[in-house]
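Down below is the structure, laid out as structure tokens.
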Amino acid sequence: MAGAGAGGSVGVRDEAERLRRWRMVLGGGEGEGTGYALSGRDAQMDAALGALYGGGGGASRKGARAAGLGASAPSVARWLGDIRTYFPSSVVQVMQRDAIERLGLAALLLEPEMLEAVEPDVHLVGTLLSLNKAMPETTKETARAVVRKVVEQLEQKLAARTRATLTGALDRSARISRPRHHDIDWNRTIRANLKNYLPEYRTVVPERLIGYGRAAQSVKKEVILCIDQSGSMAASIVYASVFGAVLASMRSIATRLVVFDTAVVDLTDQLDDPVDVLFGTQLGGGTDINRALAYCQSKITRPADTVVVLISDLYEGGIRNEMLKRVAAMKAAGVEFVTLLALSDEGAPAYDREHAAALAALGAPAFACTPDLFPEVMAAALEKRPLPVP
């Protein structure tokens, strides 16, 4: 009987936990049906969720969720503190993003005390960049501190692997004709000497040896990052600025960073600090890809050693045919041309499929790229081998 009693107690606890979970999911209100009353931390978590995702009208006595943030800076600051207490960082970032979009709280980010309360992430940086021109002087230093924190986190995550991957690619691309034994690239050597295959000996006579060079300071590649700064490309601009700074720190790569809307701005001189690059952008406005590519084309001095990376959703407001002619001309001259619809973790945005197909027909397939894949894409472009299109 004691065992039965213990089992019954466990069953009651299981049922209570099941009701609790359903109550948290359903959010209370007249129709939720659990009859379960939240208390303590659960009630506080539910109130924080209800302030953002509720249906309006204020909370009932039973704790039903209701939208309650309003536009009050103090109440929003308290709410930001609450969600950081109750939820992990990844969830906090999603809730902040939803609050900005659902409740129109972007303007409150112009206040320093608000910026100090938020959890910094890539999307918040994009929002701050879009507000840059409207930002009062009292807020700018706080905003730069928020952006710098995100940039430093990204650099710590991405820099070492990017440098290692691209250094290896540069070594392999700098082939030499009289390599020492341990520098011989056997795959390329065998392909280059297949005509010397001796069937009776089942071997290839290596008449010409091809080796890995070492990426000396004199062996340079040139990389031009050409970034669309329309509003939908905010996350891509953040990542591209960080990668641009990493590339610029490598002696064997000459890096240029260009942003554009209907005008073209060369931010290469600011590449030593990606925060300066980001605050040099201006999200929004039209798009003239042709003009941007014309500028990039004018800066190419060594086509066979140049990689141009266009990051854009391809909604062209300029001259479409001229844009495609420029891409074709660059490729004919030996430039490696890479088209990224996005450089972010969010997948492909809406994009101009006709332009993407036209670029693919020119041998420049357009695809969305995650930050983790970008070093591999650049390594393939530097080595002039097929891109790892996902």
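In the structure tokens, chains take the letters A, B, ... in the order shown, each chain's residues start at 1, and ligands count up from 1 in the order shown.
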field: Residues within 7 Å of Leu310 (chain A), only C-alpha atoms, excluding chain neighbours under 5 positions, as JSON, numbers by chain
entry: {"A": [225, 226, 227, 338, 339, 340]}
Keeping only N, CA, C and O atoms, write the selected residues as an mmCIF file, in the first residue's frame.
data_model
loop_
_atom_site.group_PDB
_atom_site.id
_atom_site.type_symbol
_atom_site.label_atom_id
_atom_site.label_comp_id
_atom_site.auth_asym_id
_atom_site.auth_seq_id
_atom_site.Cartn_x
_atom_site.Cartn_y
_atom_site.Cartn_z
ATOM 1 N N LEU A 225 35.452 43.470 -51.540
ATOM 2 C CA LEU A 225 34.125 43.189 -50.991
ATOM 3 C C LEU A 225 33.210 44.343 -51.377
ATOM 4 O O LEU A 225 33.444 45.481 -50.980
ATOM 5 N N CYS A 226 32.177 44.039 -52.129
ATOM 6 C CA CYS A 226 31.248 45.055 -52.647
ATOM 7 C C CYS A 226 29.876 44.778 -52.025
ATOM 8 O O CYS A 226 29.212 43.798 -52.388
ATOM 9 N N ILE A 227 29.442 45.637 -51.097
ATOM 10 C CA ILE A 227 28.313 45.296 -50.221
ATOM 11 C C ILE A 227 27.137 46.235 -50.447
ATOM 12 O O ILE A 227 27.261 47.462 -50.320
ATOM 13 N N VAL A 338 32.336 36.263 -57.118
ATOM 14 C CA VAL A 338 31.476 35.525 -56.177
ATOM 15 C C VAL A 338 30.262 36.394 -55.861
ATOM 16 O O VAL A 338 30.402 37.576 -55.530
ATOM 17 N N THR A 339 29.066 35.807 -55.965
ATOM 18 C CA THR A 339 27.828 36.530 -55.655
ATOM 19 C C THR A 339 27.150 35.889 -54.452
ATOM 20 O O THR A 339 26.764 34.721 -54.502
ATOM 21 N N LEU A 340 27.029 36.653 -53.373
ATOM 22 C CA LEU A 340 26.362 36.162 -52.167
ATOM 23 C C LEU A 340 25.064 36.940 -51.968
ATOM 24 O O LEU A 340 25.076 38.167 -51.857
#
query: Residues at most 9 Å from Val277 (chain A), counting only C-alpha atoms, excluding those fewer than 6 positions away in the same chain, as a PyMOL selection string?
result: chain A and resi 241+257+267-271
- request: Would you mind listing what lies within 12 Å of Thr139 (chain A) as an MDAnalysis selection string, with only C-alpha atoms counted and same-chain residues fewer than 2 positions away left out?
  value: chainID A and resid 107:116 128 131:137 141:146
Can you spit out the residues from that selection as a compact mmCIF listing (two decimals), in the first residue's frame, using C-alpha atoms?
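This went into result_15.txt:
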# COMPACT_ATOMS: atom_id res chain seq x y z
CA ALA A 107 13.04 54.93 -31.22
CA LEU A 108 13.65 54.04 -27.56
CA LEU A 109 17.06 52.68 -28.54
CA LEU A 110 18.11 56.29 -29.04
CA GLU A 111 18.25 56.65 -25.25
CA PRO A 112 21.55 55.62 -23.58
CA GLU A 113 19.88 53.92 -20.60
CA MET A 114 17.95 51.69 -23.00
CA LEU A 115 21.07 50.65 -24.88
CA GLU A 116 22.77 49.74 -21.62
CA LEU A 128 21.33 50.80 -34.47
CA LEU A 131 19.02 54.73 -36.62
CA ASN A 132 22.52 56.16 -36.93
CA LYS A 133 21.55 59.41 -38.65
CA ALA A 134 18.81 60.12 -36.10
CA MET A 135 20.94 59.25 -33.09
CA PRO A 136 21.65 62.12 -30.67
CA GLU A 137 25.25 62.76 -29.61
CA GLU A 141 29.17 56.60 -27.59
CA THR A 142 26.90 54.07 -25.92
CA ALA A 143 25.80 52.77 -29.33
CA ARG A 144 29.45 52.40 -30.43
CA ALA A 145 30.17 50.45 -27.25
CA VAL A 146 27.28 48.07 -27.99
Looking only at strand (DSSP E or B) from DSSP on the backbone, list the matching residues of region 70-231 of chain A as a PDB file with N, CA and C atoms, in the first residue's frame.
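See selection.pdb below for the written result:
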ATOM      1  N   ILE A 176      54.998  26.486 -57.475  1.00  0.00           N
ATOM      2  CA  ILE A 176      56.346  26.698 -57.973  1.00  0.00           C
ATOM      3  C   ILE A 176      56.759  25.504 -58.816  1.00  0.00           C
ATOM      4  N   ILE A 184      56.074  19.259 -52.989  1.00  0.00           N
ATOM      5  CA  ILE A 184      55.430  18.829 -54.239  1.00  0.00           C
ATOM      6  C   ILE A 184      53.933  18.641 -54.027  1.00  0.00           C
ATOM      7  N   TYR A 197      52.234   8.962 -69.067  1.00  0.00           N
ATOM      8  CA  TYR A 197      51.919   7.683 -68.423  1.00  0.00           C
ATOM      9  C   TYR A 197      52.529   6.530 -69.235  1.00  0.00           C
ATOM     10  N   LEU A 198      53.243   5.600 -68.541  1.00  0.00           N
ATOM     11  CA  LEU A 198      53.851   4.429 -69.181  1.00  0.00           C
ATOM     12  C   LEU A 198      53.079   3.193 -68.760  1.00  0.00           C
ATOM     13  N   THR A 203      52.944   3.613 -64.446  1.00  0.00           N
ATOM     14  CA  THR A 203      53.412   4.772 -63.685  1.00  0.00           C
ATOM     15  C   THR A 203      53.426   6.011 -64.571  1.00  0.00           C
ATOM     16  N   VAL A 204      53.507   7.160 -63.936  1.00  0.00           N
ATOM     17  CA  VAL A 204      53.603   8.444 -64.629  1.00  0.00           C
ATOM     18  C   VAL A 204      55.008   8.984 -64.423  1.00  0.00           C
ATOM     19  N   GLY A 211      54.637  22.452 -57.297  1.00  0.00           N
ATOM     20  CA  GLY A 211      54.704  22.443 -55.836  1.00  0.00           C
ATOM     21  C   GLY A 211      53.907  23.551 -55.205  1.00  0.00           C
ATOM     22  N   LYS A 221      47.163  38.344 -53.285  1.00  0.00           N
ATOM     23  CA  LYS A 221      45.866  38.308 -53.949  1.00  0.00           C
ATOM     24  C   LYS A 221      45.132  39.588 -53.577  1.00  0.00           C
ATOM     25  N   GLU A 222      44.238  39.999 -54.435  1.00  0.00           N
ATOM     26  CA  GLU A 222      43.441  41.183 -54.158  1.00  0.00           C
ATOM     27  C   GLU A 222      41.981  40.769 -54.004  1.00  0.00           C
ATOM     28  N   VAL A 223      41.356  41.229 -52.935  1.00  0.00           N
ATOM     29  CA  VAL A 223      39.955  40.910 -52.661  1.00  0.00           C
ATOM     30  C   VAL A 223      39.173  42.216 -52.559  1.00  0.00           C
ATOM     31  N   ILE A 224      38.077  42.300 -53.296  1.00  0.00           N
ATOM     32  CA  ILE A 224      37.189  43.458 -53.216  1.00  0.00           C
ATOM     33  C   ILE A 224      35.841  42.986 -52.711  1.00  0.00           C
ATOM     34  N   LEU A 225      35.452  43.470 -51.540  1.00  0.00           N
ATOM     35  CA  LEU A 225      34.125  43.189 -50.991  1.00  0.00           C
ATOM     36  C   LEU A 225      33.210  44.343 -51.377  1.00  0.00           C
ATOM     37  N   CYS A 226      32.177  44.039 -52.129  1.00  0.00           N
ATOM     38  CA  CYS A 226      31.248  45.055 -52.647  1.00  0.00           C
ATOM     39  C   CYS A 226      29.876  44.778 -52.025  1.00  0.00           C
ATOM     40  N   ILE A 227      29.442  45.637 -51.097  1.00  0.00           N
ATOM     41  CA  ILE A 227      28.313  45.296 -50.221  1.00  0.00           C
ATOM     42  C   ILE A 227      27.137  46.235 -50.447  1.00  0.00           C
ATOM     43  N   ASP A 228      26.012  45.655 -50.744  1.00  0.00           N
ATOM     44  CA  ASP A 228      24.738  46.363 -50.865  1.00  0.00           C
ATOM     45  C   ASP A 228      24.301  46.806 -49.464  1.00  0.00           C
TER      46      ASP A 228
END
Residue nearest Tyr315 (chain A) among A:Val91, A:Leu343, A:Met233, A:Leu387 (counting only C-alpha atoms):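 Smallest separation from Tyr315 (chain A) among the options: A:Met233.
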task: Give the answer as one residue: which of A:Pro349, A:Pro388, A:Gly318, A:Gly81 has the shortest atom-to-atom distance to Asn290 (chain A), using only C-alpha atoms?
output: A:Gly318
query: What gap, in Å, lies between CA of Met330 (chain A) and CA of Ala381 (chain A)?
result: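 Between these atoms lies a distance of 14.1 Å.
Using only C-alpha atoms, the shortest contact distance between Asn196 (chain A) and any of A:Arg302, A:Arg13, A:Arg208, A:Arg251 is found at A:Arg208.
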query: Which neighbours of Thr189 (chain A) fall inside 6 Å, counting only C-alpha atoms, when residues of the same chain fewer than 2 positions from it are skipped, and could you give them as a PyMOL selection string?
result: chain A and resi 186-187+191-192+209-210
message: List as a list in words the protein and nucleic acid residues near Glu152 (chain A), meaning an atom at most 10 Å away when only C-alpha atoms are counted, but skip any in the same chain fewer than 4 places from it.
response: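 In the requested format, the answer is Val147, Arg148, Gln156, Lys157, Leu158, Val242, Pro274 and Val275 of chain A.
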Got time to write the residues from that selection, N, CA and C atoms, as a PDB file, in the first residue's frame?
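Final output, selection28.pdb:
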ATOM      1  N   VAL A 147      27.979  48.178 -30.330  1.00  0.00           N
ATOM      2  CA  VAL A 147      28.431  47.617 -31.605  1.00  0.00           C
ATOM      3  C   VAL A 147      29.811  46.981 -31.450  1.00  0.00           C
ATOM      4  N   ARG A 148      30.696  47.648 -30.710  1.00  0.00           N
ATOM      5  CA  ARG A 148      32.051  47.103 -30.536  1.00  0.00           C
ATOM      6  C   ARG A 148      32.014  45.759 -29.809  1.00  0.00           C
ATOM      7  N   GLN A 156      36.479  37.177 -32.378  1.00  0.00           N
ATOM      8  CA  GLN A 156      37.002  36.053 -31.607  1.00  0.00           C
ATOM      9  C   GLN A 156      36.530  34.726 -32.188  1.00  0.00           C
ATOM     10  N   LYS A 157      35.317  34.716 -32.667  1.00  0.00           N
ATOM     11  CA  LYS A 157      34.732  33.482 -33.200  1.00  0.00           C
ATOM     12  C   LYS A 157      35.254  33.140 -34.595  1.00  0.00           C
ATOM     13  N   LEU A 158      35.485  34.148 -35.426  1.00  0.00           N
ATOM     14  CA  LEU A 158      35.713  33.912 -36.852  1.00  0.00           C
ATOM     15  C   LEU A 158      37.151  34.109 -37.320  1.00  0.00           C
ATOM     16  N   VAL A 242      33.384  42.612 -40.454  1.00  0.00           N
ATOM     17  CA  VAL A 242      34.305  41.841 -39.618  1.00  0.00           C
ATOM     18  C   VAL A 242      35.262  41.027 -40.483  1.00  0.00           C
ATOM     19  N   PRO A 274      36.486  47.687 -37.747  1.00  0.00           N
ATOM     20  CA  PRO A 274      35.180  47.405 -38.355  1.00  0.00           C
ATOM     21  C   PRO A 274      34.044  48.231 -37.762  1.00  0.00           C
ATOM     22  N   VAL A 275      34.208  48.734 -36.542  1.00  0.00           N
ATOM     23  CA  VAL A 275      33.161  49.598 -35.978  1.00  0.00           C
ATOM     24  C   VAL A 275      33.066  50.887 -36.779  1.00  0.00           C
TER      25      VAL A 275
END
task: Within 7 Å of region 368-379 of chain A, counting only C-alpha atoms, which residues show up once you throw out same-chain ones fewer than 2 positions away? Write them as a PyMOL selection string, please.
output: chain A and resi 162+165-166+169+340-345+347-348+381-383+387-388
message: So that I can check the surroundings of Thr301 (chain A), please list as a ChimeraX atom specification every protein, DNA and RNA residue that reaches within 12 Å of it, counting only C-alpha atoms and ignoring chain neighbours fewer than 3 positions away.
response: /A:220-224,254,296-298,304-307,330,333-335
Secondary structure check, alpha helix (DSSP H) residues of region 238-355 of chain A, as a count of residues only: 43
